[in-house]
Structures are given as C-alpha cells and as structure tokens.
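What follows is the content of upload.cif, which has mmCIF, C-alpha atoms and all ligand atoms:
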```cif
data_data
loop_
_atom_site.label_atom_id
_atom_site.label_comp_id
_atom_site.auth_asym_id
_atom_site.auth_seq_id
_atom_site.Cartn_x
_atom_site.Cartn_y
_atom_site.Cartn_z
CA MET Z 1 4.80 -10.50 -33.87
CA ILE Z 2 2.45 -8.89 -36.39
CA LEU Z 3 1.88 -5.15 -36.10
CA PHE Z 4 -1.52 -3.73 -37.10
CA LYS Z 5 -2.33 -0.04 -37.35
CA ARG Z 6 -5.74 -0.42 -38.99
CA ALA Z 7 -8.68 -1.70 -36.95
CA ALA Z 8 -10.44 -3.37 -39.91
CA GLU Z 9 -7.33 -5.35 -40.85
CA LEU Z 10 -6.86 -6.59 -37.29
CA THR Z 11 -10.54 -7.55 -36.96
CA GLY Z 12 -10.38 -9.49 -40.25
CA TRP Z 13 -7.19 -11.30 -39.29
CA LEU Z 14 -8.59 -12.25 -35.87
CA GLN Z 15 -11.83 -13.54 -37.43
CA ASN Z 16 -9.78 -16.03 -39.45
CA GLN Z 17 -7.92 -17.15 -36.35
CA ARG Z 18 -11.15 -17.53 -34.39
CA SER Z 19 -12.77 -19.66 -37.08
CA GLY Z 20 -9.70 -21.90 -36.83
CA GLY Z 21 -10.63 -22.45 -33.16
CA LYS Z 22 -8.04 -20.13 -31.61
CA LYS Z 23 -8.80 -18.44 -28.27
CA ILE Z 24 -7.86 -14.77 -28.18
CA GLY Z 25 -6.35 -13.00 -25.16
CA PHE Z 26 -6.16 -9.21 -25.01
CA VAL Z 27 -3.89 -6.88 -23.00
CA PRO Z 28 -4.71 -3.18 -23.52
CA THR Z 29 -1.95 -0.75 -22.51
CA MET Z 30 -0.75 2.82 -22.94
CA GLY Z 31 2.82 1.69 -23.65
CA ALA Z 32 6.05 2.60 -21.84
CA LEU Z 33 5.98 -1.08 -21.01
CA HIS Z 34 7.56 -2.63 -17.91
CA SER Z 35 7.52 -6.02 -16.20
CA GLY Z 36 3.99 -5.37 -14.86
CA HIS Z 37 2.65 -5.20 -18.42
CA ILE Z 38 4.77 -8.15 -19.50
CA SER Z 39 3.34 -10.25 -16.64
CA LEU Z 40 -0.10 -9.76 -18.27
CA ILE Z 41 1.30 -10.91 -21.64
CA ASP Z 42 2.74 -14.01 -19.91
CA ILE Z 43 -0.57 -14.82 -18.21
CA SER Z 44 -2.42 -14.35 -21.49
CA ASN Z 45 0.06 -16.57 -23.36
CA ASN Z 46 -0.42 -19.27 -20.72
CA ASN Z 47 -4.21 -19.17 -21.01
CA THR Z 48 -4.97 -18.42 -24.67
CA ASP Z 49 -3.68 -19.23 -28.18
CA ILE Z 50 -3.12 -15.68 -29.45
CA THR Z 51 -2.19 -12.68 -27.32
CA VAL Z 52 -3.06 -9.26 -28.71
CA CYS Z 53 -1.49 -6.25 -26.99
CA SER Z 54 -2.59 -2.73 -27.82
CA ILE Z 55 -0.62 0.45 -27.22
CA PHE Z 56 -2.62 3.66 -27.34
CA VAL Z 57 -2.27 6.70 -25.09
CA ASN Z 58 -5.96 7.50 -24.86
CA PRO Z 59 -6.56 11.26 -24.71
CA THR Z 60 -10.13 10.94 -23.38
CA GLN Z 61 -9.08 9.42 -20.05
CA PHE Z 62 -6.68 12.20 -19.03
CA ASN Z 63 -8.41 14.77 -16.86
CA ASP Z 64 -5.09 16.66 -16.62
CA PRO Z 65 -3.76 17.77 -20.06
CA LYS Z 66 -0.20 18.08 -18.66
CA ASP Z 67 -0.28 14.44 -17.60
CA PHE Z 68 -1.28 13.48 -21.18
CA GLN Z 69 1.46 15.60 -22.76
CA LYS Z 70 4.09 14.17 -20.44
CA TYR Z 71 2.99 10.55 -20.69
CA PRO Z 72 6.15 8.58 -21.58
CA VAL Z 73 6.45 7.05 -25.07
CA THR Z 74 9.08 4.32 -25.64
CA ILE Z 75 7.67 2.49 -28.65
CA GLU Z 76 10.88 0.83 -29.91
CA LYS Z 77 11.65 -0.65 -26.52
CA ASP Z 78 8.00 -1.70 -26.18
CA ILE Z 79 8.13 -3.62 -29.46
CA TYR Z 80 11.34 -5.32 -28.35
CA LEU Z 81 9.79 -6.36 -25.00
CA LEU Z 82 6.59 -7.64 -26.63
CA GLU Z 83 8.55 -9.69 -29.21
CA LYS Z 84 10.65 -11.14 -26.41
CA ALA Z 85 7.55 -11.99 -24.34
CA GLY Z 86 5.96 -13.79 -27.31
CA ALA Z 87 2.95 -11.54 -27.96
CA ALA Z 88 1.42 -12.57 -31.32
CA VAL Z 89 -0.02 -9.18 -32.25
CA LEU Z 90 0.57 -5.52 -31.48
CA PHE Z 91 -2.26 -3.12 -32.30
CA LEU Z 92 -0.89 0.41 -32.60
CA PRO Z 93 -3.68 2.70 -33.80
CA GLU Z 94 -3.66 6.45 -34.37
CA ALA Z 95 -6.36 8.45 -32.58
CA ASP Z 96 -8.56 8.85 -35.67
CA GLU Z 97 -8.66 5.07 -36.08
CA LEU Z 98 -10.43 4.76 -32.70
CA TYR Z 99 -12.26 8.11 -32.76
CA PRO Z 100 -13.04 8.78 -36.45
CA GLY Z 101 -15.60 11.43 -35.47
CA GLY Z 102 -13.25 13.14 -33.00
CA THR Z 103 -13.51 13.10 -29.22
CA ASP Z 104 -15.88 16.01 -28.61
CA LYS Z 105 -19.20 14.22 -28.32
CA LEU Z 106 -18.65 10.71 -27.05
CA GLU Z 107 -21.05 8.32 -25.35
CA THR Z 108 -21.24 8.01 -21.56
CA TYR Z 109 -21.71 5.01 -19.30
CA THR Z 110 -23.68 4.47 -16.10
CA LEU Z 111 -20.97 3.58 -13.63
CA GLY Z 112 -22.80 4.30 -10.37
CA SER Z 113 -20.69 5.00 -7.31
CA LEU Z 114 -17.51 3.87 -9.11
CA GLU Z 115 -17.56 7.29 -10.70
CA THR Z 116 -17.80 9.24 -7.45
CA LEU Z 117 -15.58 7.20 -5.10
CA LEU Z 118 -11.76 7.38 -4.85
CA GLU Z 119 -10.30 7.70 -8.40
CA GLY Z 120 -13.76 8.65 -9.66
CA LYS Z 121 -13.88 11.57 -7.26
CA TYR Z 122 -10.34 12.83 -7.86
CA ARG Z 123 -10.23 12.27 -11.63
CA PRO Z 124 -13.61 13.40 -12.95
CA GLY Z 125 -14.37 11.90 -16.36
CA HIS Z 126 -11.39 9.54 -16.19
CA PHE Z 127 -13.43 6.32 -16.11
CA GLN Z 128 -15.75 7.52 -18.87
CA GLY Z 129 -12.63 7.91 -21.01
CA VAL Z 130 -11.39 4.46 -19.99
CA CYS Z 131 -14.75 2.93 -20.97
CA GLN Z 132 -14.80 4.83 -24.27
CA VAL Z 133 -11.44 3.45 -25.35
CA VAL Z 134 -11.84 -0.07 -23.95
CA ARG Z 135 -15.24 -0.42 -25.61
CA ARG Z 136 -13.73 0.45 -28.99
CA LEU Z 137 -10.81 -1.90 -28.44
CA LEU Z 138 -13.11 -4.75 -27.38
CA ASP Z 139 -15.27 -4.19 -30.47
CA ILE Z 140 -12.18 -4.37 -32.70
CA VAL Z 141 -10.41 -7.31 -30.99
CA GLY Z 142 -13.38 -9.33 -29.70
CA PRO Z 143 -11.23 -11.26 -27.21
CA ASP Z 144 -12.29 -14.35 -25.24
CA HIS Z 145 -10.13 -13.27 -22.30
CA LEU Z 146 -9.12 -9.81 -21.10
CA PHE Z 147 -6.11 -9.36 -18.80
CA MET Z 148 -5.80 -6.26 -16.62
CA GLY Z 149 -3.70 -5.36 -13.58
CA GLN Z 150 -5.06 -5.13 -10.05
CA LYS Z 151 -2.67 -2.21 -9.77
CA ASP Z 152 -5.64 -0.30 -11.20
CA TYR Z 153 -8.09 -1.93 -8.82
CA GLN Z 154 -11.03 0.38 -9.44
CA GLN Z 155 -10.40 0.29 -13.19
CA CYS Z 156 -10.87 -3.50 -13.13
CA MET Z 157 -14.26 -2.96 -11.45
CA VAL Z 158 -15.21 -0.31 -14.02
CA ILE Z 159 -14.29 -2.61 -16.91
CA GLN Z 160 -16.29 -5.48 -15.41
CA ARG Z 161 -19.21 -3.06 -15.29
CA LEU Z 162 -18.63 -2.09 -18.94
CA ILE Z 163 -18.57 -5.79 -19.91
CA ASP Z 164 -21.86 -6.33 -18.07
CA LEU Z 165 -23.48 -3.22 -19.56
CA GLN Z 166 -22.47 -4.15 -23.11
CA GLY Z 167 -23.03 -7.90 -22.65
CA TYR Z 168 -19.60 -8.78 -24.05
CA PRO Z 169 -18.78 -12.52 -23.97
CA VAL Z 170 -15.33 -11.92 -22.50
CA LEU Z 171 -13.80 -13.09 -19.23
CA LEU Z 172 -11.90 -10.41 -17.29
CA HIS Z 173 -8.85 -11.61 -15.36
CA PRO Z 174 -7.57 -9.14 -12.74
CA CYS Z 175 -3.85 -9.99 -12.42
CA PRO Z 176 -1.44 -9.47 -9.48
CA ILE Z 177 0.52 -6.25 -8.97
CA ILE Z 178 4.19 -6.52 -9.97
CA ARG Z 179 6.52 -4.52 -7.72
CA GLU Z 180 10.12 -3.33 -7.74
CA PRO Z 181 12.38 -5.05 -5.16
CA ASP Z 182 11.77 -2.12 -2.74
CA GLY Z 183 7.99 -2.56 -2.99
CA LEU Z 184 7.14 0.30 -5.37
CA ALA Z 185 4.43 -0.88 -7.76
CA MET Z 186 5.75 -0.77 -11.32
CA SER Z 187 4.22 2.05 -13.33
CA SER Z 188 5.04 3.87 -16.55
CA ARG Z 189 4.86 7.08 -14.52
CA ASN Z 190 7.76 5.96 -12.26
CA MET Z 191 10.21 7.02 -14.97
CA ARG Z 192 9.11 10.64 -14.46
CA LEU Z 193 10.33 10.60 -10.82
CA THR Z 194 13.58 12.38 -9.97
CA GLU Z 195 16.31 10.33 -8.27
CA ASP Z 196 15.31 11.73 -4.89
CA GLN Z 197 11.58 11.14 -5.47
CA ARG Z 198 12.30 7.59 -6.63
CA LYS Z 199 14.07 6.92 -3.30
CA LYS Z 200 11.03 8.21 -1.38
CA ALA Z 201 8.38 6.55 -3.53
CA PRO Z 202 8.38 3.11 -1.78
CA ALA Z 203 6.85 4.86 1.28
CA ILE Z 204 3.55 4.28 -0.54
CA TYR Z 205 4.11 0.52 -0.23
CA ARG Z 206 5.19 0.84 3.41
CA ALA Z 207 2.03 2.83 4.21
CA LEU Z 208 -0.18 0.11 2.71
CA THR Z 209 1.80 -2.60 4.50
CA LEU Z 210 1.34 -0.73 7.78
CA LEU Z 211 -2.43 -0.68 7.25
CA LYS Z 212 -2.50 -4.35 6.31
CA GLU Z 213 -0.41 -5.50 9.25
CA GLN Z 214 -2.15 -3.36 11.85
CA THR Z 215 -5.76 -3.57 10.71
CA VAL Z 216 -6.44 -7.26 11.22
CA PRO Z 217 -5.22 -7.45 14.83
CA HIS Z 218 -7.02 -4.19 15.69
CA LEU Z 219 -10.28 -5.48 14.23
CA GLN Z 220 -9.97 -8.56 16.38
CA VAL Z 221 -9.66 -6.63 19.64
CA GLU Z 222 -12.99 -6.59 21.50
CA GLN Z 223 -14.14 -2.99 21.75
CA GLY Z 224 -17.18 -0.89 21.00
CA ALA Z 225 -17.75 0.10 17.37
CA GLN Z 226 -16.91 3.71 18.19
CA GLY Z 227 -13.59 2.66 19.71
CA LYS Z 228 -12.75 0.70 16.57
CA GLN Z 229 -13.45 3.61 14.31
CA GLU Z 230 -11.20 5.85 16.35
CA TYR Z 231 -8.43 3.26 16.21
CA GLY Z 232 -8.93 3.00 12.43
CA LYS Z 233 -8.61 6.77 12.12
CA ALA Z 234 -5.43 6.76 14.19
CA LEU Z 235 -3.97 4.07 11.98
CA ILE Z 236 -4.84 5.89 8.76
CA SER Z 237 -3.39 9.03 10.27
CA ARG Z 238 -0.08 7.20 10.99
CA ALA Z 239 0.04 5.94 7.41
CA ARG Z 240 -0.73 9.44 6.10
CA THR Z 241 2.12 10.89 8.19
CA LEU Z 242 4.50 8.30 6.77
CA LEU Z 243 3.58 9.45 3.25
CA GLU Z 244 3.71 13.14 4.06
CA GLU Z 245 7.14 12.79 5.72
CA ASN Z 246 8.35 11.43 2.40
CA GLY Z 247 7.00 14.41 0.47
CA PHE Z 248 3.72 12.94 -0.78
CA ARG Z 249 0.61 15.06 -1.30
CA ILE Z 250 -2.29 12.67 -0.70
CA ASP Z 251 -5.49 12.54 -2.75
CA TYR Z 252 -6.90 9.63 -0.74
CA LEU Z 253 -5.78 6.82 1.55
CA GLU Z 254 -8.62 4.54 2.58
CA ILE Z 255 -9.61 1.09 3.68
CA ALA Z 256 -12.61 0.03 1.63
CA ASP Z 257 -14.92 -2.90 1.04
CA ALA Z 258 -13.16 -4.89 -1.69
CA ARG Z 259 -16.40 -5.49 -3.62
CA THR Z 260 -18.01 -2.03 -3.46
CA LEU Z 261 -15.12 0.33 -2.59
CA GLU Z 262 -17.36 1.97 0.01
CA PRO Z 263 -15.28 3.01 3.06
CA VAL Z 264 -15.20 0.34 5.77
CA ARG Z 265 -16.96 1.62 8.87
CA ASP Z 266 -17.59 -1.49 10.94
CA ARG Z 267 -15.54 -4.42 12.10
CA ASN Z 268 -17.17 -7.16 10.05
CA LEU Z 269 -14.32 -9.65 9.78
CA GLN Z 270 -16.04 -11.55 6.97
CA GLU Z 271 -16.01 -8.74 4.45
CA LYS Z 272 -12.94 -8.58 2.18
CA LYS Z 273 -11.11 -5.28 2.39
CA VAL Z 274 -8.63 -3.37 0.29
CA ALA Z 275 -6.47 -0.39 1.20
CA LEU Z 276 -6.15 2.09 -1.66
CA VAL Z 277 -3.99 5.15 -2.08
CA ALA Z 278 -3.38 7.92 -4.62
CA ALA Z 279 -0.74 10.53 -3.93
CA PHE Z 280 1.53 12.97 -5.73
CA LEU Z 281 5.30 13.17 -5.55
CA GLY Z 282 5.93 16.51 -7.22
CA GLU Z 283 3.85 16.42 -10.41
CA VAL Z 284 3.72 12.64 -10.61
CA ARG Z 285 0.57 10.96 -9.32
CA LEU Z 286 1.05 7.40 -8.10
CA ILE Z 287 -1.65 4.90 -7.17
CA ASP Z 288 -1.39 1.58 -5.36
CA ASN Z 289 -3.49 -0.82 -3.32
CA MET Z 290 -3.25 -3.93 -1.18
CA ASN Z 291 -5.76 -6.61 -0.25
CA MET Z 292 -6.14 -6.82 3.52
P1 LIG L 301 -1.34 1.21 -18.47
O1 LIG L 301 -0.38 1.09 -19.60
O2 LIG L 301 -0.81 1.94 -17.29
O3 LIG L 301 -2.70 1.67 -18.91
O4 LIG L 301 -1.56 -0.28 -17.95
C1 LIG L 301 -1.96 -1.31 -18.81
C2 LIG L 301 -2.34 -2.51 -17.97
O5 LIG L 301 -1.20 -2.93 -17.22
C3 LIG L 301 -3.45 -2.20 -16.97
O6 LIG L 301 -4.34 -3.30 -16.91
C4 LIG L 301 -2.68 -2.04 -15.70
O7 LIG L 301 -3.44 -2.33 -14.54
C5 LIG L 301 -1.57 -3.05 -15.87
N1 LIG L 301 -0.44 -2.76 -14.99
C6 LIG L 301 0.20 -1.55 -14.86
N2 LIG L 301 1.15 -1.63 -13.90
C7 LIG L 301 1.10 -2.89 -13.41
C8 LIG L 301 1.82 -3.58 -12.39
N3 LIG L 301 2.78 -2.98 -11.67
N4 LIG L 301 1.52 -4.87 -12.15
C9 LIG L 301 0.53 -5.48 -12.86
N5 LIG L 301 -0.18 -4.89 -13.84
C10 LIG L 301 0.09 -3.61 -14.11
#
```

As structure tokens, how would this structure be written, given the file I've shared?
Amino acid sequence: MILFKRAAELTGWLQNQRSGGKKIGFVPTMGALHSGHISLIDISNNNTDITVCSIFVNPTQFNDPKDFQKYPVTIEKDIYLLEKAGAAVLFLPEADELYPGGTDKLETYTLGSLETLLEGKYRPGHFQGVCQVVRRLLDIVGPDHLFMGQKDYQQCMVIQRLIDLQGYPVLLHPCPIIREPDGLAMSSRNMRLTEDQRKKAPAIYRALTLLKEQTVPHLQVEQGAQGKQEYGKALISRARTLLEENGFRIDYLEIADARTLEPVRDRNLQEKKVALVAAFLGEVRLIDNMNM
C-alpha cells in the first residue's frame, strides 16, 4: 500500500494509473477502522483496479466540538487493516492540505430538505461539512466509483446530491450495513461505550427490527387512514419505550419514504420505506437504519 500525505502527489500518481486504463475506486473514512469500513474496501477491490482509502477526521462536519475532540484515532491499526484488506493507496492528509485557506469561510451547497430532516435537523451544518470535505477529496482522487455505507443512509443521499450538483462522473455505490453478532451496527463511536452501555446498545437494532416486523402486517390490515396512523404511532411509541428502557435518549425514530426521507403518513404499500434512528447512550450518539 502506498501512503500519500500530499494531494498533488496523489493526483499525479492517479493520473498515470488512469491513463494506463485503470479504474479507480474510492472509500473516504474518518479512520478508527472496523469491519464495516473494510467491507467497503472489499467491494471496491472487487469492482475496480485501484482502491484508494482516505482517513481524515473532518473538523467542518462536527457540530459538537466535544465529539470532534473525542473522535477515536487508531492510525497504526488502520494501516494494518488496510494493508491486510489489499487497499492500494491510503491518503492521509493534514487539515491544511484540504483547507489551505482555513475553515472559516467555506462554500455552501443547496441540499433542500435533506438539510432540515432527521440528521439535518439535529446536526445543523453537519451535511455542509460532509459536502465540503467530500468535494475536496473527489477533486483530488477523481474516482470512477465511490463506495459509502448505508449505515449513513442520509449521507449517501447528500453525496448523490453533491455529485449531481457538481456533475462529477462518478458512480456512488451505497453498501450494506455490517453489524456485530448481536445486531449493533459497527461504528467507530462504539469503542467509546462503557461495558454496560455496550450491552444495552443492541436495543437500537431490536427497535428497528420491531418496526420492520410489525409495520408490513399492520399496513396490510384494512382500516381507515386515521386508524393506520394511530397504529403507526403506537408502534413507534413501543419502539421508543424499548430504547428508553435501555437508557437511550432519542433524537429521532421515524419511518420515512426511502427516496425522500419525508415521514410516511399513508399506507401506500408500493412506496419503499426505511426506519431511521439517532439516539444517545450517555455522550455517545449512535445512528442506524433498516429498509422495511
Ligand atoms: P466514517 O469513518 O464513520 O466516516 O465512515 C466511513 C464510511 O464507512 C462511510 O461511508 C460509512 O457509511 C461507512 N460505514 C461506517 N460504518 C459502517 C458499517 N457498520 N457498515 C457499512 N459501512 C459502514
């Protein structure tokens, strides 16, 4: 694996590869790598000639400074895991490489309702920061394929929007969520959980499973629209209780239209749905989702 710290050197090296006909896959990360990240490297390796992984804890996407300060850094282990997975390139820039003019006055993007719904609502400015860093990384790497986790469902939608806005010739592949054996979605933030919190954390998976298993049959029952909505509320309320009993403080728990993320209010069986949740255990904020 070749390690680049300078953007210009990486861009030059990749231009050579591209002119030799190689297809480039890109996996952007913030490090503290786990099997979820490595699954993206594997998918990229299976679909492209050269996999570039970046590790950069992007300050502009943290709306909570404490979360940024406490973000785990495990760079030696990350390098070991990436070598083992067969990534060709690691891009490991310092902040001034990506933001040479600082981070005070950065550009903004028109993200529509993605910026006000769910994560957008609870983490103001977060998706602007995500776009700011991903745009810079895409300009430097110029990949043919971009691999991101459905774990960050709304983020995938935001990045597709960025790609459309900028007209980048890159194909985004949203990849499946990798979970621990007890159902907890893998996340770099899981390592900040105490032993007791870690035991309670899979309740987030059980709450989503409850919504998935109960929603389809309930939508199929013949009832008035009002009756359905009430049933939906009761179901969400059961799932909320399950989380709260396990010590979670909930930001949101919703069933939404999988294409728009607007809350589902009717019983249209055709429309694809997704249940999404964000909740705190102590200071650690976990997110997860499940297609219904
Ligand atoms: P992060 O380092 O948290 O910014 O994540 C980097 C990429 O890995 C993003 O595209 C995430 O969606 C993805 N990712 C994180 N956790 C998982 C997981 N459990 N399964 C699949 N992909 C994941």

Rounded to one decimal in Å, what is the spacing between atom CA of Ser54 of chain Z and atom CA of Pro176 of chain Z?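 Between these atoms lies a distance of 19.6 Å.
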
Could you list, as a list in words, all residues that come within 6 Å of ligand LIG 301 (chain L)? Count all atoms listed in the file.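 Checking all atoms listed in the file against ligand LIG 301 (chain L) at 6 Å gives Pro28, Thr29, Met30, Gly31, Gly36, His37, Met148, Gly149, Gln150, Lys151, Asp152, Pro176, Ile177, Ile178, Arg179, Ala185, Met186 and Ser187 of chain Z.
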
Go ahead and write the residues just picked, C-alpha atoms, as a PDB file, keeping the file's coordinate frame.
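Output file result-v8.pdb is given in full below:
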```pdb
ATOM      1  CA  PRO Z  28      -4.710  -3.180 -23.520  1.00  0.00           C
ATOM      2  CA  THR Z  29      -1.950  -0.750 -22.510  1.00  0.00           C
ATOM      3  CA  MET Z  30      -0.750   2.820 -22.940  1.00  0.00           C
ATOM      4  CA  GLY Z  31       2.820   1.690 -23.650  1.00  0.00           C
ATOM      5  CA  GLY Z  36       3.990  -5.370 -14.860  1.00  0.00           C
ATOM      6  CA  HIS Z  37       2.650  -5.200 -18.420  1.00  0.00           C
ATOM      7  CA  MET Z 148      -5.800  -6.260 -16.620  1.00  0.00           C
ATOM      8  CA  GLY Z 149      -3.700  -5.360 -13.580  1.00  0.00           C
ATOM      9  CA  GLN Z 150      -5.060  -5.130 -10.050  1.00  0.00           C
ATOM     10  CA  LYS Z 151      -2.670  -2.210  -9.770  1.00  0.00           C
ATOM     11  CA  ASP Z 152      -5.640  -0.300 -11.200  1.00  0.00           C
ATOM     12  CA  PRO Z 176      -1.440  -9.470  -9.480  1.00  0.00           C
ATOM     13  CA  ILE Z 177       0.520  -6.250  -8.970  1.00  0.00           C
ATOM     14  CA  ILE Z 178       4.190  -6.520  -9.970  1.00  0.00           C
ATOM     15  CA  ARG Z 179       6.520  -4.520  -7.720  1.00  0.00           C
ATOM     16  CA  ALA Z 185       4.430  -0.880  -7.760  1.00  0.00           C
ATOM     17  CA  MET Z 186       5.750  -0.770 -11.320  1.00  0.00           C
ATOM     18  CA  SER Z 187       4.220   2.050 -13.330  1.00  0.00           C
TER      19      SER Z 187
END
```

Take the point (-4.2, 1.4, 6.5) in the file's coordinates, draw a sphere of radius 7 Å around it, and report as a PyMOL selection string every protein, DNA or RNA residue with an atom inside or on it, counting only C-alpha atoms. chain Z and resi 207-208+210-212+215+235-236+239+254-255+275

With C-alpha atoms retained, export the selected residues as a PDB file, keeping the file's coordinate frame.
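File produced: again-v6.pdb:
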```pdb
ATOM      1  CA  ALA Z 207       2.030   2.830   4.210  1.00  0.00           C
ATOM      2  CA  LEU Z 208      -0.180   0.110   2.710  1.00  0.00           C
ATOM      3  CA  LEU Z 210       1.340  -0.730   7.780  1.00  0.00           C
ATOM      4  CA  LEU Z 211      -2.430  -0.680   7.250  1.00  0.00           C
ATOM      5  CA  LYS Z 212      -2.500  -4.350   6.310  1.00  0.00           C
ATOM      6  CA  THR Z 215      -5.760  -3.570  10.710  1.00  0.00           C
ATOM      7  CA  LEU Z 235      -3.970   4.070  11.980  1.00  0.00           C
ATOM      8  CA  ILE Z 236      -4.840   5.890   8.760  1.00  0.00           C
ATOM      9  CA  ALA Z 239       0.040   5.940   7.410  1.00  0.00           C
ATOM     10  CA  GLU Z 254      -8.620   4.540   2.580  1.00  0.00           C
ATOM     11  CA  ILE Z 255      -9.610   1.090   3.680  1.00  0.00           C
ATOM     12  CA  ALA Z 275      -6.470  -0.390   1.200  1.00  0.00           C
TER      13      ALA Z 275
END
```

Please identify all polymer residues within 8 Å of segment 95-103 of chain Z, counting only C-alpha atoms, omitting same-chain residues fewer than 6 positions from it, and present them as an MDAnalysis selection string. chainID Z and resid 6:7 58 60 133 136:137

Of the candidates Z:Tyr252, Z:Phe62, Z:Phe147, Z:Phe91, which shows the shortest atom-to-atom distance to Ser39 of chain Z, using all atoms listed in the file?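 Ranked by minimum distance to Ser39 of chain Z, first place goes to Z:Phe147.
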
Skipping near chain neighbours, those fewer than 3 positions away, what residues fall within 12 Å of Leu146 of chain Z using all atoms listed in the file, listed as a PDB file with C-alpha atoms, in the frame of the given file?
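Contents of the output file part_20.pdb:
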```
ATOM      1  CA  LYS Z  23      -8.800 -18.440 -28.270  1.00  0.00           C
ATOM      2  CA  ILE Z  24      -7.860 -14.770 -28.180  1.00  0.00           C
ATOM      3  CA  GLY Z  25      -6.350 -13.000 -25.160  1.00  0.00           C
ATOM      4  CA  PHE Z  26      -6.160  -9.210 -25.010  1.00  0.00           C
ATOM      5  CA  VAL Z  27      -3.890  -6.880 -23.000  1.00  0.00           C
ATOM      6  CA  PRO Z  28      -4.710  -3.180 -23.520  1.00  0.00           C
ATOM      7  CA  THR Z  29      -1.950  -0.750 -22.510  1.00  0.00           C
ATOM      8  CA  LEU Z  40      -0.100  -9.760 -18.270  1.00  0.00           C
ATOM      9  CA  ILE Z  41       1.300 -10.910 -21.640  1.00  0.00           C
ATOM     10  CA  ILE Z  43      -0.570 -14.820 -18.210  1.00  0.00           C
ATOM     11  CA  SER Z  44      -2.420 -14.350 -21.490  1.00  0.00           C
ATOM     12  CA  ASN Z  45       0.060 -16.570 -23.360  1.00  0.00           C
ATOM     13  CA  ASN Z  47      -4.210 -19.170 -21.010  1.00  0.00           C
ATOM     14  CA  THR Z  48      -4.970 -18.420 -24.670  1.00  0.00           C
ATOM     15  CA  ILE Z  50      -3.120 -15.680 -29.450  1.00  0.00           C
ATOM     16  CA  THR Z  51      -2.190 -12.680 -27.320  1.00  0.00           C
ATOM     17  CA  VAL Z  52      -3.060  -9.260 -28.710  1.00  0.00           C
ATOM     18  CA  CYS Z  53      -1.490  -6.250 -26.990  1.00  0.00           C
ATOM     19  CA  SER Z  54      -2.590  -2.730 -27.820  1.00  0.00           C
ATOM     20  CA  VAL Z 134     -11.840  -0.070 -23.950  1.00  0.00           C
ATOM     21  CA  LEU Z 137     -10.810  -1.900 -28.440  1.00  0.00           C
ATOM     22  CA  LEU Z 138     -13.110  -4.750 -27.380  1.00  0.00           C
ATOM     23  CA  VAL Z 141     -10.410  -7.310 -30.990  1.00  0.00           C
ATOM     24  CA  GLY Z 142     -13.380  -9.330 -29.700  1.00  0.00           C
ATOM     25  CA  PRO Z 143     -11.230 -11.260 -27.210  1.00  0.00           C
ATOM     26  CA  GLY Z 149      -3.700  -5.360 -13.580  1.00  0.00           C
ATOM     27  CA  CYS Z 156     -10.870  -3.500 -13.130  1.00  0.00           C
ATOM     28  CA  ILE Z 159     -14.290  -2.610 -16.910  1.00  0.00           C
ATOM     29  CA  GLN Z 160     -16.290  -5.480 -15.410  1.00  0.00           C
ATOM     30  CA  ILE Z 163     -18.570  -5.790 -19.910  1.00  0.00           C
ATOM     31  CA  TYR Z 168     -19.600  -8.780 -24.050  1.00  0.00           C
ATOM     32  CA  PRO Z 169     -18.780 -12.520 -23.970  1.00  0.00           C
ATOM     33  CA  VAL Z 170     -15.330 -11.920 -22.500  1.00  0.00           C
ATOM     34  CA  LEU Z 171     -13.800 -13.090 -19.230  1.00  0.00           C
ATOM     35  CA  LEU Z 172     -11.900 -10.410 -17.290  1.00  0.00           C
ATOM     36  CA  HIS Z 173      -8.850 -11.610 -15.360  1.00  0.00           C
ATOM     37  CA  PRO Z 174      -7.570  -9.140 -12.740  1.00  0.00           C
ATOM     38  CA  CYS Z 175      -3.850  -9.990 -12.420  1.00  0.00           C
TER      39      CYS Z 175
END
```

Nearest to Pro263 of chain Z among Z:Arg285, Z:Lys233, Z:Arg240, Z:Arg135, with distances taken over all atoms listed in the file: which residue is it?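 Nearest candidate to Pro263 of chain Z out of Z:Arg285, Z:Lys233, Z:Arg240, Z:Arg135: Z:Lys233.
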
Show me, as a list in words, the residues that have an atom within 7 Å of segment 71-83 of chain Z when counting all atoms listed in the file, minus same-chain residues fewer than 5 positions from it.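 The neighbour list is Met1, Gly31, Ala32, Leu33 and Ser188 of chain Z.
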
With distances taken over only C-alpha atoms, which residue among Z:Asp49, Z:Arg238, Z:Asn246, Z:Gln166 lies nearest Gln214 of chain Z? Z:Arg238

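Note that the spacing between atom CA of Asn46 of chain Z and atom CA of Met191 of chain Z amounts to 28.9 Å.
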
Could you tell me how far atom CA of Cys131 of chain Z sits from atom CA of Asp257 of chain Z, in Å to one decimal place?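 Separating atom CA of Asp257 of chain Z from atom CA of Cys131 of chain Z is a distance of 22.8 Å.
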
Selection: 9 Å around Lys200 of chain Z, all atoms listed in the file, excl. self and same-chain fewer than 4 positions, as a ChimeraX atom specification: /Z:195-196,204,243,246-248,281

Mind dumping the selected residues with C-alpha atoms as a CSV table (one decimal), keeping the file's coordinate frame?
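The resulting file, result-v9.csv, is shown below:
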```csv
chain,number,residue,atom,x,y,z
Z,195,GLU,CA,16.3,10.3,-8.3
Z,196,ASP,CA,15.3,11.7,-4.9
Z,204,ILE,CA,3.6,4.3,-0.5
Z,243,LEU,CA,3.6,9.4,3.2
Z,246,ASN,CA,8.4,11.4,2.4
Z,247,GLY,CA,7.0,14.4,0.5
Z,248,PHE,CA,3.7,12.9,-0.8
Z,281,LEU,CA,5.3,13.2,-5.6
```

Residue nearest Gln155 of chain Z among Z:Leu184, Z:Leu92, Z:Val277, Z:Leu114 (counting all atoms listed in the file): Z:Leu114

Name the closest residue to Leu193 of chain Z among the candidates Z:Gly112, Z:Asp64, Z:Phe280, Z:Lys273; distances are taken between atoms, counting only C-alpha atoms.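 Among the listed residues, the smallest separation from Leu193 of chain Z belongs to Z:Phe280.
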
Proximity to Asp288 of chain Z - best of Z:Lys22, Z:Arg161, Z:Arg206, Z:Arg192, all atoms listed in the file: Z:Arg206

Write out as a ChimeraX atom specification which residues come within 8 Å of Glu115 of chain Z when counting all atoms listed in the file, dropping same-chain ones fewer than 5 positions away. /Z:120-121,124-125,127
